[in-house]
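Text of the file query27.pdb, holding PDB, C-alpha atoms:
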```
ATOM      1  CA  MET A   6     -12.290 -16.731 -14.067
ATOM      2  CA  THR A   7     -10.399 -13.972 -12.309
ATOM      3  CA  SER A   8     -11.910 -10.557 -11.749
ATOM      4  CA  PHE A   9      -9.776  -9.270 -14.655
ATOM      5  CA  GLY A  10     -11.064 -11.774 -17.212
ATOM      6  CA  ASP A  11      -8.102 -14.168 -17.302
ATOM      7  CA  LEU A  12      -9.523 -17.680 -17.513
ATOM      8  CA  LEU A  13      -6.189 -19.326 -16.699
ATOM      9  CA  GLY A  14      -4.906 -16.914 -14.075
ATOM     10  CA  PRO A  15      -5.077 -17.370 -10.333
ATOM     11  CA  PRO A  16      -8.177 -16.293  -8.459
ATOM     12  CA  PRO A  17      -8.099 -12.911  -6.724
ATOM     13  CA  THR A  18      -6.429 -12.791  -3.324
ATOM     14  CA  LEU A  19      -8.699 -11.316  -0.668
ATOM     15  CA  LEU A  20      -6.992 -10.373   2.579
ATOM     16  CA  PRO A  21      -8.870 -10.818   5.859
ATOM     17  CA  GLY A  22      -7.928  -7.375   7.222
ATOM     18  CA  ASP A  23      -7.503  -6.428  10.849
ATOM     19  CA  ASP A  24     -10.849  -5.299  12.250
ATOM     20  CA  GLU A  25      -9.409  -3.944  15.485
ATOM     21  CA  ALA A  26      -6.716  -1.864  13.774
ATOM     22  CA  GLU A  27      -9.178  -0.565  11.194
ATOM     23  CA  SER A  28     -11.682   0.361  13.895
ATOM     24  CA  ASP A  29      -9.007   2.144  15.932
ATOM     25  CA  LEU A  30      -7.944   4.178  12.897
ATOM     26  CA  LEU A  31     -11.523   5.083  11.992
ATOM     27  CA  ASN A  32     -12.090   6.197  15.588
ATOM     28  CA  GLY A  33      -9.112   8.579  15.468
ATOM     29  CA  THR A  34      -6.465   6.590  17.324
ATOM     30  CA  ASP A  35      -2.963   7.794  16.484
ATOM     31  CA  PRO A  36      -1.736   5.645  13.558
ATOM     32  CA  ALA A  37       1.649   5.201  15.279
ATOM     33  CA  ALA A  38      -0.107   3.668  18.284
ATOM     34  CA  VAL A  39      -2.137   1.436  15.973
ATOM     35  CA  ALA A  40       1.018   0.320  14.107
ATOM     36  CA  ALA A  41       2.710  -0.443  17.425
ATOM     37  CA  ALA A  42      -0.267  -2.470  18.656
ATOM     38  CA  HIS A  43      -0.939  -4.132  15.268
ATOM     39  CA  PRO A  44       2.386  -4.214  13.390
ATOM     40  CA  SER A  45       1.082  -6.627  10.754
ATOM     41  CA  ALA A  46      -1.772  -4.265   9.769
ATOM     42  CA  SER A  47      -0.680  -2.650   6.499
ATOM     43  CA  ILE A  48      -3.461  -0.113   6.840
ATOM     44  CA  ALA A  49      -1.762   1.484   9.873
ATOM     45  CA  TRP A  50       1.508   1.798   7.931
ATOM     46  CA  ALA A  51      -0.406   3.271   4.993
ATOM     47  CA  TYR A  52      -1.867   5.967   7.263
ATOM     48  CA  LEU A  53       1.614   6.781   8.575
ATOM     49  CA  ALA A  54       3.185   6.886   5.093
ATOM     50  CA  GLU A  55       0.422   9.006   3.605
ATOM     51  CA  SER A  56       0.514  11.378   6.558
ATOM     52  CA  SER A  57       4.275  11.804   6.165
ATOM     53  CA  LEU A  58       3.880  12.507   2.458
ATOM     54  CA  GLU A  59       1.073  14.998   3.007
ATOM     55  CA  GLY A  60       2.539  18.392   2.175
ATOM     56  CA  ALA A  61       6.074  16.992   1.853
ATOM     57  CA  LEU A  62       5.944  17.228  -1.927
ATOM     58  CA  ASP A  63       4.151  20.576  -2.254
ATOM     59  CA  GLY A  64       7.169  22.884  -2.441
ATOM     60  CA  SER A  65       9.827  23.254  -5.110
ATOM     61  CA  GLU A  66      12.011  20.948  -3.016
ATOM     62  CA  PRO A  67      10.555  17.957  -1.176
ATOM     63  CA  ASP A  68      10.779  17.814   2.604
ATOM     64  CA  ILE A  69      13.294  14.988   2.419
ATOM     65  CA  GLY A  70      12.977  13.965   6.072
ATOM     66  CA  ARG A  71       9.243  13.431   5.720
ATOM     67  CA  VAL A  72       9.701  11.677   2.372
ATOM     68  CA  ILE A  73      12.220   9.243   3.887
ATOM     69  CA  ALA A  74       9.905   8.588   6.843
ATOM     70  CA  ALA A  75       7.068   7.900   4.381
ATOM     71  CA  TYR A  76       9.348   5.580   2.402
ATOM     72  CA  ALA A  77      10.164   3.598   5.539
ATOM     73  CA  TYR A  78       6.544   3.398   6.692
ATOM     74  CA  ALA A  79       5.356   2.384   3.221
ATOM     75  CA  ARG A  80       8.098  -0.221   2.837
ATOM     76  CA  THR A  81       7.162  -1.736   6.215
ATOM     77  CA  GLY A  82       3.467  -1.902   5.303
ATOM     78  CA  TYR A  83       4.323  -3.295   1.879
ATOM     79  CA  HIS A  84       6.383  -6.135   3.378
ATOM     80  CA  ARG A  85       3.777  -6.892   6.048
ATOM     81  CA  GLY A  86       1.189  -6.980   3.255
ATOM     82  CA  LEU A  87       3.304  -9.357   1.177
ATOM     83  CA  ASP A  88       3.487 -11.676   4.186
ATOM     84  CA  GLN A  89      -0.300 -11.633   4.498
ATOM     85  CA  LEU A  90      -0.829 -12.129   0.771
ATOM     86  CA  ARG A  91       1.425 -15.184   0.769
ATOM     87  CA  ARG A  92      -0.352 -16.620   3.828
ATOM     88  CA  ASN A  93      -3.599 -16.231   1.886
ATOM     89  CA  GLY A  94      -2.450 -18.112  -1.208
ATOM     90  CA  TRP A  95      -0.848 -15.406  -3.365
ATOM     91  CA  LYS A  96       2.132 -16.782  -5.304
ATOM     92  CA  GLY A  97       3.743 -13.466  -6.242
ATOM     93  CA  PHE A  98       1.332 -12.694  -9.052
ATOM     94  CA  GLY A  99      -2.349 -12.449  -9.687
ATOM     95  CA  PRO A 100      -5.158 -10.083  -8.795
ATOM     96  CA  VAL A 101      -5.302  -8.218  -5.498
ATOM     97  CA  PRO A 102      -8.531  -6.278  -6.108
ATOM     98  CA  TRP A 103      -8.886  -2.677  -4.963
ATOM     99  CA  SER A 104     -12.624  -3.326  -4.587
ATOM    100  CA  HIS A 105     -11.899  -5.600  -1.604
ATOM    101  CA  GLU A 106     -11.550  -3.043   1.228
ATOM    102  CA  GLU A 107      -9.152  -5.217   3.244
ATOM    103  CA  ASN A 108      -6.640  -5.213   0.332
ATOM    104  CA  ARG A 109      -6.396  -1.426   0.337
ATOM    105  CA  GLY A 110      -3.892  -1.136   3.188
ATOM    106  CA  PHE A 111      -1.358  -3.095   1.158
ATOM    107  CA  LEU A 112      -2.193  -1.296  -2.088
ATOM    108  CA  ARG A 113      -2.027   2.114  -0.396
ATOM    109  CA  CYS A 114       1.424   1.228   0.971
ATOM    110  CA  VAL A 115       2.608   0.344  -2.536
ATOM    111  CA  GLY A 116       1.225   3.657  -3.796
ATOM    112  CA  ALA A 117       2.913   5.641  -1.021
ATOM    113  CA  LEU A 118       6.173   3.793  -1.668
ATOM    114  CA  ALA A 119       5.905   4.719  -5.353
ATOM    115  CA  ARG A 120       5.433   8.409  -4.526
ATOM    116  CA  ALA A 121       8.286   8.451  -2.012
ATOM    117  CA  ALA A 122      10.624   6.570  -4.366
ATOM    118  CA  GLN A 123       9.879   9.008  -7.168
ATOM    119  CA  ALA A 124      10.498  11.969  -4.844
ATOM    120  CA  VAL A 125      14.014  10.749  -4.039
ATOM    121  CA  GLY A 126      14.785   9.898  -7.657
ATOM    122  CA  GLU A 127      14.518   6.136  -7.325
ATOM    123  CA  GLU A 128      12.863   5.693 -10.715
ATOM    124  CA  ASP A 129      13.331   1.902 -10.904
ATOM    125  CA  GLU A 130      11.512   1.419  -7.588
ATOM    126  CA  TYR A 131       8.781   3.836  -8.671
ATOM    127  CA  LEU A 132       8.215   1.844 -11.873
ATOM    128  CA  ARG A 133       8.276  -1.498  -9.995
ATOM    129  CA  CYS A 134       5.576  -0.188  -7.671
ATOM    130  CA  LEU A 135       3.450   0.965 -10.606
ATOM    131  CA  ASP A 136       3.870  -2.451 -12.235
ATOM    132  CA  LEU A 137       2.839  -4.200  -9.018
ATOM    133  CA  LEU A 138      -0.221  -1.988  -8.673
ATOM    134  CA  ASN A 139      -1.171  -2.549 -12.298
ATOM    135  CA  ASP A 140      -0.696  -6.308 -11.953
ATOM    136  CA  SER A 141      -2.697  -6.331  -8.707
ATOM    137  CA  ASP A 142      -5.579  -4.259 -10.043
ATOM    138  CA  PRO A 143      -5.304  -1.730 -12.893
ATOM    139  CA  ARG A 144      -7.906   0.405 -11.082
ATOM    140  CA  ALA A 145      -5.562   0.946  -8.092
ATOM    141  CA  ILE A 146      -3.249   3.385  -9.894
ATOM    142  CA  GLY A 147      -6.126   5.766 -10.590
ATOM    143  CA  GLU A 148      -7.644   5.344  -7.144
ATOM    144  CA  LEU A 149      -4.286   6.282  -5.610
ATOM    145  CA  GLY A 150      -3.846   9.317  -7.862
ATOM    146  CA  LEU A 151      -0.777   7.921  -9.594
ATOM    147  CA  ASP A 152      -2.067   8.139 -13.156
TER     148      ASP A 152
END
```
Exercise: express the given structure as structure tokens:
Amino acid sequence: MTSFGDLLGPPPTLLPGDDEAESDLLNGTDPAAVAAAHPSASIAWAYLAESSLEGALDGSEPDIGRVIAAYAYARTGYHRGLDQLRRNGWKGFGPVPWSHEENRGFLRCVGALARAAQAVGEEDEYLRCLDLLNDSDPRAIGELGLD
């Protein structure tokens, strides 16, 4: 049984994470340096995307340069996360639980991509990201403040 109660669905995908990248980030290393040293670590891209979005959406007009940078960072982390998910048995669907800390880099990238896409009026991409988050783990949308 999956963590979401589907007896016939695939088991949850649990990513291994990148201990070195995560440790560097927790110890205050510049996320850009971490992304350069660990380009497959979605968590580093999530930090970069979220940092770019921070304050970029506070005014009446978004800071479009920061939003586009966030979009690019989030898209990179999203694709690196998809690569890792597939290497760990994910077939394009099924649970990717928020409760598993190592999955959060990928999920945070999807959330940041959703916010950046919405800010530039890319509603279809925004909705695709919300669908992916909901399919991965319905809890993720709330945890990311997208509800």
Might you spell out which residues the PyMOL selection byres ((chain A and resi 84) around 12) would select in the displayed file, as a PDB file with C-alpha atoms, in the frame of the given file?
```pdb
ATOM      1  CA  PRO A  44       2.386  -4.214  13.390  1.00  0.00           C
ATOM      2  CA  SER A  45       1.082  -6.627  10.754  1.00  0.00           C
ATOM      3  CA  ALA A  46      -1.772  -4.265   9.769  1.00  0.00           C
ATOM      4  CA  SER A  47      -0.680  -2.650   6.499  1.00  0.00           C
ATOM      5  CA  TRP A  50       1.508   1.798   7.931  1.00  0.00           C
ATOM      6  CA  ALA A  51      -0.406   3.271   4.993  1.00  0.00           C
ATOM      7  CA  ALA A  77      10.164   3.598   5.539  1.00  0.00           C
ATOM      8  CA  TYR A  78       6.544   3.398   6.692  1.00  0.00           C
ATOM      9  CA  ALA A  79       5.356   2.384   3.221  1.00  0.00           C
ATOM     10  CA  ARG A  80       8.098  -0.221   2.837  1.00  0.00           C
ATOM     11  CA  THR A  81       7.162  -1.736   6.215  1.00  0.00           C
ATOM     12  CA  GLY A  82       3.467  -1.902   5.303  1.00  0.00           C
ATOM     13  CA  TYR A  83       4.323  -3.295   1.879  1.00  0.00           C
ATOM     14  CA  ARG A  85       3.777  -6.892   6.048  1.00  0.00           C
ATOM     15  CA  GLY A  86       1.189  -6.980   3.255  1.00  0.00           C
ATOM     16  CA  LEU A  87       3.304  -9.357   1.177  1.00  0.00           C
ATOM     17  CA  ASP A  88       3.487 -11.676   4.186  1.00  0.00           C
ATOM     18  CA  GLN A  89      -0.300 -11.633   4.498  1.00  0.00           C
ATOM     19  CA  LEU A  90      -0.829 -12.129   0.771  1.00  0.00           C
ATOM     20  CA  ARG A  91       1.425 -15.184   0.769  1.00  0.00           C
ATOM     21  CA  GLY A 110      -3.892  -1.136   3.188  1.00  0.00           C
ATOM     22  CA  PHE A 111      -1.358  -3.095   1.158  1.00  0.00           C
ATOM     23  CA  LEU A 112      -2.193  -1.296  -2.088  1.00  0.00           C
ATOM     24  CA  CYS A 114       1.424   1.228   0.971  1.00  0.00           C
ATOM     25  CA  VAL A 115       2.608   0.344  -2.536  1.00  0.00           C
ATOM     26  CA  LEU A 118       6.173   3.793  -1.668  1.00  0.00           C
TER      27      LEU A 118
END
```
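Separating CA of Arg71 (chain A) from CA of Leu132 (chain A) is a distance of 21.1 Å.
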Padded axis-aligned box of region 42-58 of chain A (6 Å per side), centre and edge lengths, Å, one decimal, as lines of an AutoDock Vina configuration file:
```
center_x = 0.4
center_y = 2.9
center_z = 10.6
size_x = 19.7
size_y = 31.1
size_z = 28.2
```
A straight line from CA of Gly64 (chain A) to CA of Glu127 (chain A) spans 18.9 Å
Within 10 Å of (5.1, 6.2, -5.8), only C-alpha atoms: residues as a list in words?
Tyr76, Ala79, Arg113, Cys114, Val115, Gly116, Ala117, Leu118, Ala119, Arg120, Ala121, Ala122, Gln123, Ala124, Glu127, Glu128, Glu130, Tyr131, Leu132, Arg133, Cys134, Leu135, Ile146, Leu149, Gly150 and Leu151 of chain A
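As for CA of Glu59 (chain A) and CA of Ala75 (chain A), they are spaced 9.4 Å apart.
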Neighbouring residues of Ile69 (chain A) were defined as those with any atom within 9 Å, considering all atoms listed in the file; residues of the same chain fewer than 5 positions away were excluded. Please report them as a PDB file with C-alpha atoms, in the frame of the given file.
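Generated output (around20.pdb):
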```pdb
ATOM      1  CA  ALA A  61       6.074  16.992   1.853  1.00  0.00           C
ATOM      2  CA  LEU A  62       5.944  17.228  -1.927  1.00  0.00           C
ATOM      3  CA  ALA A  74       9.905   8.588   6.843  1.00  0.00           C
ATOM      4  CA  ALA A 124      10.498  11.969  -4.844  1.00  0.00           C
ATOM      5  CA  VAL A 125      14.014  10.749  -4.039  1.00  0.00           C
TER       6      VAL A 125
END
```
Item to complete: Step by step, work through what the PyMOL selection byres ((chain A and resi 30) around 12) selects in the shown file, and finish by giving those residues as an NGL selection string.
Response: :A and (23-29 or 31-40 or 42-43 or 46-53 or 110)
With distances taken over all atoms listed in the file, the candidate from A:Ser57, A:Lys96, A:Pro17, A:Asp68 nearest Ser141 (chain A) is A:Pro17
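The residues caught by the PyMOL selection byres ((chain A and resi 18-20) around 9) in this file are Pro15, Pro16, Pro17, Pro21, Gly22, Gly86, Gln89, Leu90, Asn93, Gly94, Trp95, Gly99, Pro100, Val101, Pro102, His105, Glu106, Glu107 and Asn108 of chain A.
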Restricting to all atoms listed in the file, whichever of A:Leu138, A:Ala41, A:Ile73, A:Leu58 is closest to Asp152 (chain A) is A:Leu138
If you count all atoms listed in the file, the residue of A:Ser104, A:Pro67, A:Gly97, A:Gly126 closest to Asp140 (chain A) turns out to be A:Gly97
